[in-house]
Each structure stands twice: as structure tokens, then as C-alpha cells.
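Trainee: Okay, so here is data-v3.txt, and as you'll see once you scroll down, it has compact mmCIF, C-alpha atoms (C1' of nucleotides).
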# COMPACT_ATOMS: atom_id res chain seq x y z
CA MET Z 571 31.86 177.40 85.08
CA GLU Z 572 30.11 175.43 87.79
CA LYS Z 573 32.33 172.43 87.19
CA ARG Z 574 35.22 174.58 88.33
CA GLU Z 575 33.66 174.99 91.77
CA GLU Z 576 32.86 171.33 91.95
CA ILE Z 577 36.47 170.42 91.26
CA LEU Z 578 37.65 172.79 94.00
CA GLU Z 579 35.15 171.42 96.49
CA ASN Z 580 36.08 167.82 95.84
CA ALA Z 581 39.78 168.59 95.93
CA LEU Z 582 39.32 170.21 99.32
CA GLU Z 583 37.52 167.17 100.67
CA LEU Z 584 40.03 164.70 99.34
CA PHE Z 585 43.17 166.64 100.25
CA CYS Z 586 41.73 167.17 103.70
CA ASP Z 587 40.87 163.52 104.20
CA ARG Z 588 43.89 161.79 102.78
CA GLY Z 589 46.57 164.40 102.02
CA TYR Z 590 47.78 166.16 98.90
CA ASP Z 591 50.30 163.53 97.81
CA ALA Z 592 48.03 160.59 98.45
CA VAL Z 593 45.23 161.84 96.20
CA GLY Z 594 45.46 161.59 92.42
CA VAL Z 595 43.99 164.13 90.01
CA GLN Z 596 42.07 161.28 88.43
CA GLU Z 597 40.03 160.75 91.56
CA ILE Z 598 39.37 164.45 92.06
CA ALA Z 599 38.10 164.74 88.50
CA GLU Z 600 35.92 161.65 88.79
CA ARG Z 601 34.29 162.83 92.00
CA ALA Z 602 33.60 166.20 90.41
CA GLY Z 603 31.94 164.50 87.46
CA VAL Z 604 34.51 165.60 84.90
CA THR Z 605 37.56 164.13 83.20
CA LYS Z 606 41.19 164.97 83.73
CA PRO Z 607 41.65 167.35 80.78
CA THR Z 608 38.81 169.48 82.12
CA LEU Z 609 40.64 169.79 85.39
CA TYR Z 610 43.83 170.73 83.56
CA TYR Z 611 41.89 173.23 81.47
CA TYR Z 612 40.88 175.21 84.54
CA PHE Z 613 43.99 174.75 86.66
CA LYS Z 614 47.14 174.11 84.73
CA SER Z 615 48.54 171.53 87.14
CA LYS Z 616 47.81 169.67 90.35
CA TYR Z 617 49.87 172.23 92.18
CA GLY Z 618 47.97 175.06 90.49
CA LEU Z 619 44.77 173.52 91.76
CA LEU Z 620 46.11 173.54 95.29
CA GLN Z 621 47.27 177.13 94.93
CA GLU Z 622 43.88 178.35 93.83
CA LEU Z 623 42.19 176.32 96.55
CA LEU Z 624 44.27 178.04 99.21
CA GLU Z 625 43.98 181.49 97.67
CA ARG Z 626 40.21 181.22 97.49
CA GLY Z 627 39.93 180.02 101.03
CA CYS Z 628 42.39 182.42 102.62
CA ALA Z 629 41.84 185.74 100.90
CA PRO Z 630 38.60 186.75 102.64
CA PHE Z 631 39.91 185.67 106.01
CA LEU Z 632 43.18 187.55 105.62
CA GLU Z 633 41.29 190.70 104.70
CA ARG Z 634 39.15 190.44 107.77
CA LEU Z 635 42.13 189.63 109.97
CA GLU Z 636 43.92 192.69 108.64
CA GLN Z 637 41.02 194.87 109.69
CA ALA Z 638 40.92 193.23 113.09
CA THR Z 639 44.60 193.92 113.72
CA ALA Z 640 44.19 197.67 113.57
CA TYR Z 641 45.71 198.69 116.90
CA GLU Z 642 44.55 201.89 118.54
CA GLY Z 643 45.78 201.57 122.07
CA ASP Z 644 43.53 198.72 123.18
CA LEU Z 645 45.68 195.58 123.08
CA ARG Z 646 43.14 193.37 124.78
CA GLY Z 647 40.37 194.48 122.45
CA THR Z 648 42.52 194.03 119.38
CA LEU Z 649 43.52 190.52 120.37
CA CYS Z 650 39.90 189.62 121.09
CA ALA Z 651 38.89 190.83 117.64
CA CYS Z 652 41.61 188.73 116.05
CA ALA Z 653 40.71 185.66 118.05
CA ARG Z 654 37.13 186.15 116.94
CA ALA Z 655 38.25 186.38 113.32
CA PHE Z 656 40.09 183.07 113.67
CA MET Z 657 37.13 181.37 115.34
CA ASP Z 658 34.70 182.56 112.69
CA PHE Z 659 37.06 181.41 109.98
CA ALA Z 660 37.34 177.95 111.52
CA LYS Z 661 33.59 177.78 112.01
CA ARG Z 662 32.66 178.82 108.49
CA SER Z 663 35.17 176.54 106.77
CA PRO Z 664 36.24 173.84 109.21
CA ARG Z 665 37.49 171.54 106.45
CA PHE Z 666 39.53 174.28 104.91
CA TYR Z 667 40.94 175.33 108.26
CA ASP Z 668 42.00 171.73 108.84
CA LEU Z 669 43.62 171.50 105.44
CA LEU Z 670 45.55 174.74 105.70
CA PHE Z 671 47.24 173.84 108.95
CA SER Z 672 47.74 170.24 107.95
CA LEU Z 673 49.66 171.45 104.89
CA PHE Z 674 51.61 173.89 107.01
CA HIS Z 675 52.91 170.96 109.06
CA TYR Z 676 54.20 169.09 106.02
CA PRO Z 677 57.98 168.91 105.64
CA ARG Z 678 59.65 172.21 104.78
CA GLU Z 679 60.88 170.98 101.40
CA SER Z 680 57.54 169.64 100.24
CA GLU Z 681 55.24 171.25 97.70
CA PRO Z 682 52.23 171.40 100.00
CA TYR Z 683 54.21 173.23 102.66
CA ARG Z 684 55.57 175.76 100.21
CA CYS Z 685 52.05 176.42 99.03
CA ALA Z 686 50.46 176.90 102.45
CA ARG Z 687 53.41 178.70 104.03
CA PRO Z 688 52.82 182.22 102.74
CA TYR Z 689 49.25 182.27 103.98
CA VAL Z 690 50.06 181.10 107.49
CA LEU Z 691 53.09 183.37 107.64
CA ARG Z 692 50.89 186.26 106.62
CA GLN Z 693 48.59 185.51 109.53
CA GLN Z 694 51.52 185.40 111.90
CA GLN Z 695 52.88 188.63 110.46
CA LEU Z 696 49.58 190.42 110.98
CA ILE Z 697 49.38 189.28 114.59
CA ARG Z 698 52.98 190.21 115.17
CA ASN Z 699 52.29 193.70 113.84
CA ILE Z 700 49.92 194.24 116.75
CA PHE Z 701 52.73 193.73 119.21
CA GLU Z 702 55.06 195.87 117.13
CA ALA Z 703 52.52 198.66 117.29
CA ALA Z 704 51.89 198.12 120.97
CA ALA Z 705 55.60 198.05 121.78
CA ALA Z 706 55.74 201.85 121.57
CA GLN Z 707 53.35 202.19 124.49
CA LEU Z 708 54.28 199.03 126.39
CA GLY Z 709 57.97 199.17 127.16
CA ASN Z 710 58.36 195.70 128.60
CA MET Z 711 58.57 193.41 125.58
CA ARG Z 712 62.19 193.87 124.58
CA GLY Z 713 62.08 192.46 121.07
CA ARG Z 714 59.78 189.65 122.05
CA GLN Z 715 57.14 190.79 119.56
CA ARG Z 716 57.78 187.81 117.33
CA GLN Z 717 57.62 185.40 120.24
CA PHE Z 718 54.36 186.92 121.46
CA GLY Z 719 52.90 186.84 117.97
CA LEU Z 720 53.72 183.18 117.45
CA GLY Z 721 52.56 182.37 120.96
CA PHE Z 722 49.19 183.99 120.41
CA CYS Z 723 48.69 182.23 117.07
CA GLY Z 724 49.66 178.96 118.69
CA LEU Z 725 47.27 179.43 121.56
CA VAL Z 726 44.32 180.31 119.33
CA HIS Z 727 45.08 177.45 116.99
CA TYR Z 728 45.34 175.05 119.90
CA PHE Z 729 42.05 176.32 121.31
CA ILE Z 730 40.31 175.75 118.00
CA GLU Z 731 41.72 172.25 117.63
CA MET Z 732 40.47 171.39 121.09
CA LYS Z 733 37.02 172.66 120.16
CA PHE Z 734 37.14 170.60 116.98
CA GLU Z 735 37.88 167.45 118.90
CA GLU Z 736 35.29 167.87 121.61
CA GLY Z 737 32.14 168.31 119.58
CA ARG Z 738 32.34 168.11 115.84
CA GLU Z 739 30.29 171.12 114.84
CA GLU Z 740 28.02 172.49 117.50
CA ASN Z 741 30.84 173.40 119.88
CA LEU Z 742 32.48 175.64 117.33
CA CYS Z 743 30.22 178.39 118.60
CA VAL Z 744 32.57 180.31 120.85
CA SER Z 745 31.10 182.90 123.17
CA ASP Z 746 32.59 186.34 123.70
CA GLU Z 747 33.30 185.32 127.27
CA GLU Z 748 35.42 182.38 126.15
CA ILE Z 749 37.40 184.59 123.82
CA TYR Z 750 37.88 187.21 126.49
CA SER Z 751 39.04 184.52 128.89
CA LEU Z 752 41.50 183.13 126.37
CA VAL Z 753 43.02 186.54 125.67
CA HIS Z 754 43.14 187.32 129.35
CA GLN Z 755 45.01 184.10 130.01
CA PHE Z 756 47.48 184.96 127.28
CA MET Z 757 48.14 188.48 128.54
CA HIS Z 758 48.31 187.40 132.12
CA GLY Z 759 50.94 184.88 131.11
CA ILE Z 760 52.94 187.53 129.32
CA TYR Z 761 52.95 190.06 132.12
CA SER Z 762 53.53 187.77 135.03
CA MET K 952 72.94 143.77 109.30
CA GLU K 953 74.48 147.19 108.95
CA LYS K 954 72.55 147.85 105.76
CA ARG K 955 69.42 147.67 107.86
CA GLU K 956 70.50 150.65 109.92
CA GLU K 957 71.52 152.54 106.83
CA ILE K 958 68.10 152.06 105.29
CA LEU K 959 66.44 153.32 108.46
CA GLU K 960 68.70 156.36 108.65
CA ASN K 961 68.13 157.33 105.05
CA ALA K 962 64.40 156.77 105.33
CA LEU K 963 64.32 159.10 108.34
CA GLU K 964 66.17 161.81 106.47
CA LEU K 965 64.03 161.57 103.37
CA PHE K 966 60.66 161.25 105.12
CA CYS K 967 61.64 164.19 107.28
CA ASP K 968 62.70 166.35 104.36
CA ARG K 969 59.99 165.65 101.83
CA GLY K 970 57.26 163.58 103.48
CA TYR K 971 56.28 159.92 103.52
CA ASP K 972 54.13 159.96 100.39
CA ALA K 973 56.52 162.03 98.33
CA VAL K 974 59.46 159.65 98.81
CA GLY K 975 59.69 156.37 96.89
CA VAL K 976 61.26 153.21 98.25
CA GLN K 977 63.55 153.25 95.23
CA GLU K 978 65.24 156.44 96.40
CA ILE K 979 65.57 155.24 99.98
CA ALA K 980 67.23 152.05 98.82
CA GLU K 981 69.59 153.87 96.46
CA ARG K 982 70.74 156.30 99.12
CA ALA K 983 71.35 153.43 101.51
CA GLY K 984 73.45 151.69 98.86
CA VAL K 985 71.13 148.72 98.41
CA THR K 986 68.42 147.65 95.99
CA LYS K 987 64.73 147.48 96.56
CA PRO K 988 64.44 143.75 97.31
CA THR K 989 66.94 144.19 100.12
CA LEU K 990 64.73 146.83 101.64
CA TYR K 991 61.74 144.52 101.28
CA TYR K 992 63.73 141.70 102.82
CA TYR K 993 64.20 143.62 106.08
CA PHE K 994 60.89 145.47 106.22
CA LYS K 995 58.08 143.80 104.43
CA SER K 996 56.57 146.99 103.02
CA LYS K 997 57.06 150.74 102.88
CA TYR K 998 54.59 151.05 105.72
CA GLY K 999 56.49 148.42 107.70
CA LEU K 1000 59.61 150.49 107.29
CA LEU K 1001 57.84 153.50 108.70
CA GLN K 1002 56.47 151.47 111.59
CA GLU K 1003 59.88 150.19 112.60
CA LEU K 1004 61.35 153.66 112.21
CA LEU K 1005 58.83 155.08 114.65
CA GLU K 1006 59.03 152.18 117.07
CA ARG K 1007 62.81 152.41 117.23
CA GLY K 1008 62.77 156.14 117.76
CA CYS K 1009 59.95 156.27 120.29
CA ALA K 1010 60.44 153.26 122.54
CA PRO K 1011 63.35 154.59 124.64
CA PHE K 1012 61.72 157.99 125.00
CA LEU K 1013 58.39 156.54 126.07
CA GLU K 1014 60.12 154.44 128.71
CA ARG K 1015 61.90 157.44 130.10
CA LEU K 1016 58.74 159.54 130.00
CA GLU K 1017 56.88 156.83 131.88
CA GLN K 1018 59.45 156.98 134.67
CA ALA K 1019 59.27 160.76 134.71
CA THR K 1020 55.50 160.74 135.14
CA ALA K 1021 55.64 158.92 138.46
CA TYR K 1022 53.65 161.30 140.66
CA GLU K 1023 54.35 161.40 144.37
CA GLY K 1024 52.73 164.61 145.49
CA ASP K 1025 55.03 167.05 143.75
CA LEU K 1026 53.16 168.22 140.65
CA ARG K 1027 55.64 170.93 139.75
CA GLY K 1028 58.60 168.57 140.05
CA THR K 1029 56.88 165.88 138.03
CA LEU K 1030 56.03 168.27 135.21
CA CYS K 1031 59.59 169.58 135.18
CA ALA K 1032 60.93 166.04 134.86
CA CYS K 1033 58.58 165.39 131.95
CA ALA K 1034 59.47 168.62 130.23
CA ARG K 1035 63.12 167.69 130.63
CA ALA K 1036 62.43 164.28 129.08
CA PHE K 1037 60.83 165.95 126.06
CA MET K 1038 63.68 168.43 125.65
CA ASP K 1039 66.32 165.71 125.83
CA PHE K 1040 64.39 163.64 123.32
CA ALA K 1041 64.22 166.55 120.89
CA LYS K 1042 67.87 167.36 121.42
CA ARG K 1043 69.12 163.83 120.90
CA SER K 1044 67.03 163.15 117.79
CA PRO K 1045 65.88 166.47 116.35
CA ARG K 1046 65.16 164.99 112.92
CA PHE K 1047 63.11 162.20 114.41
CA TYR K 1048 61.23 164.60 116.66
CA ASP K 1049 60.39 166.67 113.59
CA LEU K 1050 59.23 163.62 111.68
CA LEU K 1051 57.04 162.24 114.43
CA PHE K 1052 55.04 165.42 114.85
CA SER K 1053 54.94 166.11 111.16
CA LEU K 1054 53.34 162.72 110.65
CA PHE K 1055 50.93 163.36 113.50
CA HIS K 1056 49.60 166.39 111.64
CA TYR K 1057 48.86 164.45 108.48
CA PRO K 1058 45.20 163.89 107.66
CA ARG K 1059 43.39 161.54 110.00
CA GLU K 1060 42.67 158.98 107.30
CA SER K 1061 46.23 158.79 106.01
CA GLU K 1062 48.71 155.98 106.60
CA PRO K 1063 51.38 158.19 108.13
CA TYR K 1064 48.95 159.59 110.68
CA ARG K 1065 47.70 156.17 111.68
CA CYS K 1066 51.28 155.07 112.18
CA ALA K 1067 52.39 158.02 114.31
CA ARG K 1068 49.16 158.39 116.23
CA PRO K 1069 49.64 155.68 118.89
CA TYR K 1070 53.02 157.05 119.91
CA VAL K 1071 51.86 160.62 120.31
CA LEU K 1072 48.67 159.51 122.01
CA ARG K 1073 50.74 157.45 124.43
CA GLN K 1074 52.73 160.54 125.34
CA GLN K 1075 49.54 162.49 125.91
CA GLN K 1076 48.13 159.66 127.97
CA LEU K 1077 51.18 159.54 130.21
CA ILE K 1078 51.04 163.27 130.82
CA ARG K 1079 47.34 163.10 131.46
CA ASN K 1080 47.91 160.39 134.04
CA ILE K 1081 49.84 162.90 136.11
CA PHE K 1082 46.80 165.11 136.38
CA GLU K 1083 44.60 162.11 137.08
CA ALA K 1084 46.86 161.18 139.95
CA ALA K 1085 47.07 164.73 141.18
CA ALA K 1086 43.31 165.21 141.00
CA ALA K 1087 42.89 163.30 144.25
CA GLN K 1088 44.85 165.91 146.16
CA LEU K 1089 43.95 168.96 144.08
CA GLY K 1090 40.22 169.34 144.09
CA ASN K 1091 39.93 172.13 141.56
CA MET K 1092 40.29 170.47 138.21
CA ARG K 1093 36.79 169.10 137.73
CA GLY K 1094 37.42 166.67 134.92
CA ARG K 1095 39.80 168.97 133.16
CA GLN K 1096 42.63 166.43 133.39
CA ARG K 1097 42.50 165.77 129.69
CA GLN K 1098 42.51 169.45 128.84
CA PHE K 1099 45.46 170.08 131.12
CA GLY K 1100 47.35 167.14 129.71
CA LEU K 1101 46.88 168.26 126.14
CA GLY K 1102 47.66 171.83 127.11
CA PHE K 1103 50.92 170.87 128.72
CA CYS K 1104 51.96 168.72 125.74
CA GLY K 1105 51.07 171.56 123.41
CA LEU K 1106 53.05 174.08 125.42
CA VAL K 1107 56.17 171.92 125.60
CA HIS K 1108 55.92 171.08 121.91
CA TYR K 1109 55.50 174.73 121.04
CA PHE K 1110 58.49 175.65 123.20
CA ILE K 1111 60.66 173.09 121.43
CA GLU K 1112 59.58 174.25 117.99
CA MET K 1113 60.47 177.80 118.91
CA LYS K 1114 63.90 176.68 120.06
CA PHE K 1115 64.32 174.74 116.81
CA GLU K 1116 63.58 177.83 114.76
CA GLU K 1117 65.78 180.26 116.65
CA GLY K 1118 69.11 178.48 116.57
CA ARG K 1119 69.36 175.23 114.75
CA GLU K 1120 71.28 173.15 117.25
CA GLU K 1121 73.09 175.09 119.93
CA ASN K 1122 69.90 176.55 121.41
CA LEU K 1123 68.49 173.12 122.05
CA CYS K 1124 70.35 173.19 125.33
CA VAL K 1125 67.60 174.14 127.73
CA SER K 1126 68.58 175.13 131.25
CA ASP K 1127 66.76 173.92 134.35
CA GLU K 1128 65.72 177.52 134.95
CA GLU K 1129 63.99 177.70 131.56
CA ILE K 1130 62.14 174.47 132.26
CA TYR K 1131 61.12 175.62 135.71
CA SER K 1132 59.90 178.89 134.23
CA LEU K 1133 57.87 177.09 131.56
CA VAL K 1134 56.19 174.82 134.09
CA HIS K 1135 55.55 177.72 136.41
CA GLN K 1136 53.87 179.63 133.61
CA PHE K 1137 51.71 176.63 132.85
CA MET K 1138 50.62 176.12 136.46
CA HIS K 1139 50.07 179.78 137.02
CA GLY K 1140 47.82 179.82 133.98
CA ILE K 1141 45.86 176.90 135.32
CA TYR K 1142 45.24 178.28 138.78
CA SER K 1143 44.44 181.85 137.89
C1' DC Y 63 25.21 181.41 58.87
C1' DC Y 64 29.93 181.39 59.67
C1' DT Y 65 33.58 181.96 62.87
C1' DA Y 66 36.04 182.20 67.17
C1' DT Y 67 36.06 181.04 71.81
C1' DT Y 68 34.85 178.26 75.76
C1' DA Y 69 34.23 174.00 77.75
C1' DT Y 70 34.36 169.25 77.52
C1' DA Y 71 35.80 164.19 76.29
C1' DT Y 72 38.63 160.12 74.10
C1' DA Y 73 42.69 158.14 74.06
C1' DC Y 74 47.12 158.23 74.94
C1' DC Y 75 52.16 159.60 76.71
C1' DG Y 76 56.41 158.29 79.44
C1' DT Y 77 57.54 157.70 84.23
C1' DT Y 78 57.34 156.14 88.60
C1' DC Y 79 54.91 153.77 91.99
C1' DG Y 80 54.92 149.73 95.57
C1' DG Y 81 56.02 145.12 95.29
C1' DT Y 82 57.92 140.34 93.75
C1' DA Y 83 59.75 135.92 91.38
C1' DT Y 84 63.96 134.19 91.07
C1' DA Y 85 68.83 133.58 91.17
C1' DT Y 86 73.04 133.70 93.75
C1' DA Y 87 76.82 134.81 96.84
C1' DG Y 88 78.73 134.13 101.41
C1' DC Y 89 78.97 131.31 105.32
C1' DG Y 90 78.55 128.55 109.20
C1' DT Y 91 77.30 123.38 110.37
C1' DC Y 92 76.95 118.50 109.97
C1' DG X 1321 82.06 119.05 100.72
C1' DA X 1322 77.04 119.13 100.61
C1' DC X 1323 73.28 121.63 103.05
C1' DG X 1324 70.75 125.29 104.72
C1' DC X 1325 70.38 129.90 106.13
C1' DT X 1326 71.13 134.86 105.65
C1' DA X 1327 71.74 138.59 102.78
C1' DT X 1328 71.93 140.53 98.45
C1' DA X 1329 71.03 141.61 93.22
C1' DT X 1330 68.72 141.24 88.31
C1' DA X 1331 64.87 141.81 86.09
C1' DC X 1332 60.40 142.24 86.00
C1' DC X 1333 55.01 143.08 87.27
C1' DG X 1334 50.53 145.63 86.81
C1' DA X 1335 48.77 149.81 88.28
C1' DA X 1336 48.64 154.48 89.04
C1' DC X 1337 50.89 158.69 88.54
C1' DG X 1338 50.85 163.73 86.43
C1' DG X 1339 50.12 165.50 82.12
C1' DT X 1340 48.76 166.18 76.97
C1' DA X 1341 47.58 165.94 71.75
C1' DT X 1342 43.55 166.15 69.60
C1' DA X 1343 38.76 166.09 68.51
C1' DT X 1344 34.22 167.92 69.42
C1' DA X 1345 30.20 169.90 71.36
C1' DA X 1346 28.09 174.35 72.72
C1' DT X 1347 27.75 179.13 72.53
C1' DA X 1348 28.42 183.98 71.57
C1' DG X 1349 29.58 187.77 68.01
C1' DG X 1350 29.92 189.54 63.55
Now that the file is in, can you turn its structure into C-alpha cells?

Mentor:
Amino acid sequence: MEKREEILENALELFCDRGYDAVGVQEIAERAGVTKPTLYYYFKSKYGLLQELLERGCAPFLERLEQATAYEGDLRGTLCACARAFMDFAKRSPRFYDLLFSLFHYPRESEPYRCARPYVLRQQQLIRNIFEAAAAQLGNMRGRQRQFGLGFCGLVHYFIEMKFEEGREENLCVSDEEIYSLVHQFMHGIYS
Amino acid sequence: MEKREEILENALELFCDRGYDAVGVQEIAERAGVTKPTLYYYFKSKYGLLQELLERGCAPFLERLEQATAYEGDLRGTLCACARAFMDFAKRSPRFYDLLFSLFHYPRESEPYRCARPYVLRQQQLIRNIFEAAAAQLGNMRGRQRQFGLGFCGLVHYFIEMKFEEGREENLCVSDEEIYSLVHQFMHGIYS
DNA sequence: CCTATTATATACCGTTCGGTATATAGCGTC
DNA sequence: GACGCTATATACCGAACGGTATATAATAGG
């Protein structure tokens, strides 16, 4: 039962470092201290391994993000809560965060993309829902909910990547002021 | 001599559709109507093929971008010219544009990333140079030249991706007004 | 204690991978 | 017309790929 976790951990590391296609199941198994049939016993294929890896890593975050998107009239506050959810996610599992978005940038016809796509799309959908909900009160977005949703996701993702590059781990601590500033910048851009 | 071009074209299509690792040289050669040794005669390895593909696709764009980055006191105009260069690049070679940035999002230790990296970094460097040059006159950027450069590249790239998704080809025509608006939004964000 | 289930390994499958040794066809040039 | 160069194909290499048939330890339940 513990071998299972070890396989997942090593797969994450290797996929993250060198890419899904470039890593063989052999190497994953070896690094986890097991043999190939053990890996195929737990996950029925290489793709199944990737699926479970993503499901495990995304599920808790998506739950939290769903809570954060509850809109009750305070757009700024809602966006701040979501940005915070993203930052915490990236801080807790930086390797996984890297992997997820790396896979999402694979070609559209590739296995890794198809696997990561639903999770990233779900994130985008949740963020978009905020603007859908806010559209009732704010009359000035004229069907641009999708654009705003994608824009916000893009901005947050870009912010996190910048933080990743600057300092490897310590800088991932993002203050409430930074988040507030980021959201403010986004909204200011929208309304101007 | 014409086979050479055909190999490059088919490699672009396949790498773009399914990813560098997932495509074998066999398939590239077949689709180009040649056999493997012919491919290896022109490009000495699969990696060499990728290198030439990127060099061919990037060189003209980088030259044009370098001209566009010439800063002579008009930051807004310079940024507009650069944005225009990016848009034209993406419009002329949408598949190549896709491939280049797909490769750039591969894992840092992977061959495809190492191959695409210098070209994307060169773009970022050129854009950054604008802010370096402008820093002399504009006193308020306090070493944030790099951040601004990356931010501008990210914004333009994001804008292009959005256009790609909306309408596949027709919407790639970007008006001067749209570009001006994009740059204005960027600068406004900076100064506020 | 026997049995069924879970968890693991040995040894192997056919296929495809990137890459090459070698032969040869066309084709100007001396 | 022999020579040398460019461009192509046939046939092959060892290695690694994803995946599996089968045997066996360990363990829990009756």
C-alpha cells in the first residue's frame, strides 16, 4: 500500500523533470523500488498512472476553489479568495503545479493534454462562474465573462510563475497585500 | 533539395499536433515521401531537425522584432510596433507559433525546451531592452525592467492565444486600434 | 490449517525507437 | 567515358518502449 504512494511520488518527479513521453515506466518503477508488474497492478497503464496522479493532486484544490468562488456581491473579495487558493495550491505542491500546467501546454492531440485538460478547464469554469454571477449586478461586461475568466486565470498563473522564477521556495509566501494589489490591478484594467 | 522542405513542413505539422517526443522520425519521413536515411542525410539527428525547424521559423521574426525595439523616446509607439511584429508573426505562421510556445512550456530538463528556450529568451530580452532604454527617461521603474518585459510578452502572448481560440484564422487580423488599446492597457496598469 | 485475496517478482512479448552501414542512381566535370 | 559529388533507398542495429503470462510470497478469514 505504501509502494503505491512511492510510485506516484516518483512519477510526479520524473514527469515534471523530463516530461510524460520522455519517461519510461521502467524508470518510474525502479526509482520507487518496485518492478514494472507492481506498477501495472496498481495502475492499469502508464496513462492510468498519470490520470490518478492528476486526480489526487487536483481534487482537494478544486474543492477549495469551488468554495472560494461563492459570490455574494463582493467581486473583489471573491477574486482575492480565489487568488489565495491558487497561491496556496502552488505553494503546497509546487512540483505538481508545474506539472499540471506543463501538461496543459502539450499539443491538443496528445495524451498528456487530454488528461490535464479537464482539470484546468474546471478551474477556468469556476472562475468564469464568478463573472457570470456578478454580471447580474454589473451591467458592463456584455458577454465578456469568458474573457474575464481566462484573463484572471492567466494573470494569476503568470504571477505564480514569476514568483517561482525569482526565489525557488521562500518567495512563494504571498502576502494579502500582494494579492489585493494583483486583484486591484486586474479590476482596474477591466473597468478602465 | 525540395524533399528537405517537405521534411521540415511535415515535422512542423506532426510536432505541433502530437508533440516532439510522441512523433517518430519514421512517420515524419513517410509523410514527406522519403525514407529515414534521407532525413538523416539532411539533418543529422531528430534533435538537429528540430533545431533547424526552429531556426528557420524564428530568424526572420527575431530580425524584425529587433528593428521594432529601436527605442527613440516613444515608449508607446515602440511597444505598439513590437506587438504588431508578434501579431504578424503569429498570423503568418500560426502552426509554428503554436509549436514554439508549446515547446517552451515543456519541462526544463527536456530536449524540446532546451531547443526552444534561446529563441523565446531572445524575444524577452529584446522587449526588456526597451524598458532598459526607457528607464533613463522614466525614473519610476526601479529595476522592474525585467518584470515589465516579461509582463508585456505574457500579455501579447495571451492576447494571441485568445484570438487563436475565438476564430481559427479570420480573427488573426488585428487592427491598429486593438493593438493600441492593448498597449494602453499595459501602460496604464504599470503607472497606476 | 486450508483457502482466497493482496501484493510482489521473474522472465518474457511484439513493436517501435533513434540511428547507420552500405549500395546505387543521377549528374555535372575533366 | 571515367570520376566524384549529391541525393536517395534497402536492410539492418541494439536498445528501450508499453505491457503481460505466470509464479510466489504474505496475509487475512473461515

Trainee: Find the spatial neighbours of Pro1058 in chain K, counting all atoms listed in the file, within a cut-off of 6 Å - ignore same-chain residues fewer than 2 positions away - and output them as a list of chain:residue names.

Mentor: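 My list of contacting residues is Z:Asp587, Z:Arg588, Z:Gly589, K:Glu1060, K:Ser1061.
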
Trainee: From the options Y:DT77, Y:DT82, Y:DT91, Y:DT72, which residue's atoms come nearest to Thr989 in chain K, counting all atoms listed in the file?

Mentor: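 With all atoms listed in the file as the atom set, the closest residue is Y:DT82.
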
Trainee: With 9 Å as the limit and counting all atoms listed in the file, what residues in chain Z lie close to chain Y? Please list them as a PyMOL selection string.

Mentor: chain Z and resi 571+604-605+607-608+611

Trainee: Would you output that residue set with C-alpha atoms, as a PDB file, keeping the file's coordinate frame?

Mentor:
ATOM      1  CA  MET Z 571      31.860 177.400  85.080  1.00  0.00           C
ATOM      2  CA  VAL Z 604      34.510 165.600  84.900  1.00  0.00           C
ATOM      3  CA  THR Z 605      37.560 164.130  83.200  1.00  0.00           C
ATOM      4  CA  PRO Z 607      41.650 167.350  80.780  1.00  0.00           C
ATOM      5  CA  THR Z 608      38.810 169.480  82.120  1.00  0.00           C
ATOM      6  CA  TYR Z 611      41.890 173.230  81.470  1.00  0.00           C
TER       7      TYR Z 611
END

Trainee: If I take CA of Phe1012 in chain K and CA of Gln1088 in chain K, how far is one from the other in Å, to one decimal?

Mentor: 28.2 Å

Trainee: As a PyMOL selection string, could you give me every residue of chain Z near chain X (at most 9 Å apart, counting all atoms listed in the file)?

Mentor: chain Z and resi 594-595+607+610+615-616

Trainee: Next, write the just-selected residues to a file, as a PDB file, keeping the file's coordinate frame, keeping C-alpha atoms as the atom set.

Mentor:
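For reference, result26.pdb as written:
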ATOM      1  CA  GLY Z 594      45.460 161.590  92.420  1.00  0.00           C
ATOM      2  CA  VAL Z 595      43.990 164.130  90.010  1.00  0.00           C
ATOM      3  CA  PRO Z 607      41.650 167.350  80.780  1.00  0.00           C
ATOM      4  CA  TYR Z 610      43.830 170.730  83.560  1.00  0.00           C
ATOM      5  CA  SER Z 615      48.540 171.530  87.140  1.00  0.00           C
ATOM      6  CA  LYS Z 616      47.810 169.670  90.350  1.00  0.00           C
TER       7      LYS Z 616
END

Trainee: Residues within 9 Å of Asp668 in chain Z, please, as a PDB file with C-alpha atoms, keeping the file's coordinate frame. Count only C-alpha atoms (C1' of nucleotides); anything in the same chain fewer than 4 positions from it doesn't count.

Mentor:
ATOM      1  CA  CYS Z 586      41.730 167.170 103.700  1.00  0.00           C
ATOM      2  CA  ALA Z 660      37.340 177.950 111.520  1.00  0.00           C
ATOM      3  CA  SER Z 663      35.170 176.540 106.770  1.00  0.00           C
ATOM      4  CA  PRO Z 664      36.240 173.840 109.210  1.00  0.00           C
ATOM      5  CA  SER Z 672      47.740 170.240 107.950  1.00  0.00           C
ATOM      6  CA  LEU Z 673      49.660 171.450 104.890  1.00  0.00           C
ATOM      7  CA  GLU Z 731      41.720 172.250 117.630  1.00  0.00           C
TER       8      GLU Z 731
ATOM      9  CA  PRO K1058      45.200 163.890 107.660  1.00  0.00           C
TER      10      PRO K1058
END

Trainee: When you count all atoms listed in the file, which of these residues is closest to chain Z: K:Asp972, K:Glu1014, K:Glu1003, K:Glu1116?

Mentor: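 Selected residue with least distance to chain Z: K:Asp972.
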
Trainee: CA of Asp1127 in chain K to CA of Tyr1022 in chain K: how many Å, to one decimal?

Mentor: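 Separating CA of Asp1127 in chain K from CA of Tyr1022 in chain K is a distance of 19.3 Å.
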